[in-house]
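Engineer: Data file final_24.json (JSON, C-alpha atoms) is appended below.
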```json
[["chain", "number", "residue", "atom", "x", "y", "z"],
["T", 1, "MET", "CA", 0.76, 4.62, -16.99],
["T", 2, "GLU", "CA", -2.08, 2.19, -17.42],
["T", 3, "LYS", "CA", -4.58, 1.61, -14.65],
["T", 4, "GLY", "CA", -3.57, -2.04, -14.13],
["T", 5, "THR", "CA", 0.05, -1.06, -13.70],
["T", 6, "LYS", "CA", -0.93, 1.62, -11.20],
["T", 7, "ILE", "CA", -2.86, -0.92, -9.15],
["T", 8, "ILE", "CA", 0.08, -3.35, -9.09],
["T", 9, "VAL", "CA", 2.52, -0.59, -8.08],
["T", 10, "THR", "CA", 0.06, 0.57, -5.38],
["T", 11, "ILE", "CA", -0.09, -2.94, -3.93],
["T", 12, "ILE", "CA", 3.70, -3.15, -3.91],
["T", 13, "ILE", "CA", 3.97, 0.24, -2.17],
["T", 14, "VAL", "CA", 1.46, -0.79, 0.52],
["T", 15, "VAL", "CA", 3.21, -4.14, 1.12],
["T", 16, "VAL", "CA", 6.60, -2.43, 1.48],
["T", 17, "PHE", "CA", 5.04, 0.10, 3.87],
["T", 18, "ILE", "CA", 3.59, -2.68, 6.03],
["T", 19, "ILE", "CA", 6.92, -4.52, 6.15],
["T", 20, "LEU", "CA", 8.92, -1.40, 6.99],
["T", 21, "SER", "CA", 6.44, -0.22, 9.62],
["T", 22, "ALA", "CA", 6.57, -3.67, 11.26],
["T", 23, "VAL", "CA", 10.36, -3.48, 11.34],
["T", 24, "VAL", "CA", 10.32, 0.03, 12.82],
["T", 25, "SER", "CA", 7.69, -0.93, 15.40],
["T", 26, "GLY", "CA", 9.64, -4.05, 16.36],
["T", 27, "ILE", "CA", 12.88, -2.15, 16.81],
["T", 28, "ARG", "CA", 11.17, 0.58, 18.81],
["T", 29, "ASN", "CA", 9.35, -2.03, 20.93],
["T", 30, "ASP", "CA", 12.67, -3.73, 21.76],
["T", 31, "ALA", "CA", 14.01, -0.34, 22.84],
["T", 32, "GLY", "CA", 11.08, 0.11, 25.23],
["T", 33, "ALA", "CA", 8.91, 2.53, 23.23],
["T", 34, "ALA", "CA", 5.22, 1.90, 22.72],
["T", 35, "THR", "CA", 4.74, 3.75, 19.41],
["T", 36, "PRO", "CA", 6.65, 3.91, 16.12],
["T", 37, "GLY", "CA", 7.50, 7.56, 16.76],
["T", 38, "ILE", "CA", 8.93, 9.92, 14.18],
["T", 39, "PHE", "CA", 10.05, 7.09, 11.90],
["T", 40, "GLY", "CA", 6.45, 5.89, 11.66],
["T", 41, "ILE", "CA", 5.34, 9.37, 10.68],
["T", 42, "ILE", "CA", 8.07, 9.55, 8.04],
["T", 43, "LEU", "CA", 7.03, 6.16, 6.64],
["T", 44, "PHE", "CA", 3.38, 7.21, 6.52],
["T", 45, "ALA", "CA", 4.28, 10.44, 4.70],
["T", 46, "ALA", "CA", 6.36, 8.40, 2.24],
["T", 47, "LEU", "CA", 3.37, 6.11, 1.66],
["T", 48, "ILE", "CA", 1.10, 9.05, 0.89],
["T", 49, "GLY", "CA", 3.73, 10.67, -1.33],
["T", 50, "GLY", "CA", 4.32, 7.46, -3.24],
["T", 51, "LEU", "CA", 0.64, 6.83, -3.81],
["T", 52, "ARG", "CA", 0.09, 10.41, -4.95],
["T", 53, "ALA", "CA", 3.01, 10.12, -7.37],
["T", 54, "VAL", "CA", 1.63, 6.91, -8.86],
["T", 55, "TRP", "CA", -1.95, 8.18, -9.22],
["T", 56, "LYS", "CA", -1.02, 11.68, -10.36],
["T", 57, "LYS", "CA", -2.81, 12.53, -13.58],
["T", 58, "ASP", "CA", -0.44, 13.24, -16.45],
["T", 59, "LYS", "CA", -1.07, 16.58, -18.18],
["T", 60, "ASN", "CA", -0.36, 15.09, -21.62],
["T", 61, "GLU", "CA", -2.56, 12.06, -21.13],
["T", 62, "ASN", "CA", -5.55, 11.99, -23.48],
["T", 63, "GLN", "CA", -8.83, 10.87, -21.97]]
```
Transcribe the structure of this file into structure tokens.
Structural biologist:
Amino acid sequence: MEKGTKIIVTIIIVVVFIILSAVVSGIRNDAGAATPGIFGIILFAALIGGLRAVWKKDKNENQ
């Protein structure tokens, strides 16, 4: 994958993470909780996993 494509996909992943974390926080706030809880941790782990998958160096890629 080209570097420009990776940057665009990274931006999309971060925007989706922000939207989903806002939704989770809003739902948890309505329920009386002060933190996103386990769902926030799961979303953060998904963010890290997604970014690592996008920026993973391909073994067959020639430099």
Engineer: Would you compute the distance between CA of Val24 (chain T) and CA of Arg52 (chain T)? Give it in Å to one decimal.
Structural biologist: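 CA of Arg52 (chain T) lies 23.0 Å from CA of Val24 (chain T).
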Engineer: Between T:Ile7, T:Ala22, T:Val16, T:Ile48, which residue has the minimum interatomic distance to Thr35 (chain T), considering all atoms listed in the file?
Structural biologist: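 The answer is T:Ala22, which sits nearest to Thr35 (chain T).
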Engineer: List the neighbours of Gly50 (chain T) out to 10 Å using only C-alpha atoms; skip same-chain residues closer than 4 positions along the sequence, and give me the result as a ChimeraX atom specification.
Structural biologist: /T:9-10,13-14,44-46,54-56
Engineer: Using all atoms listed in the file and a cutoff of 12 Å, can you tell me which residues are near (8.6, -1.1, 14.8) in the file's coordinates, and write them out as an NGL selection string?
Structural biologist: :T and (17-41 or 43)
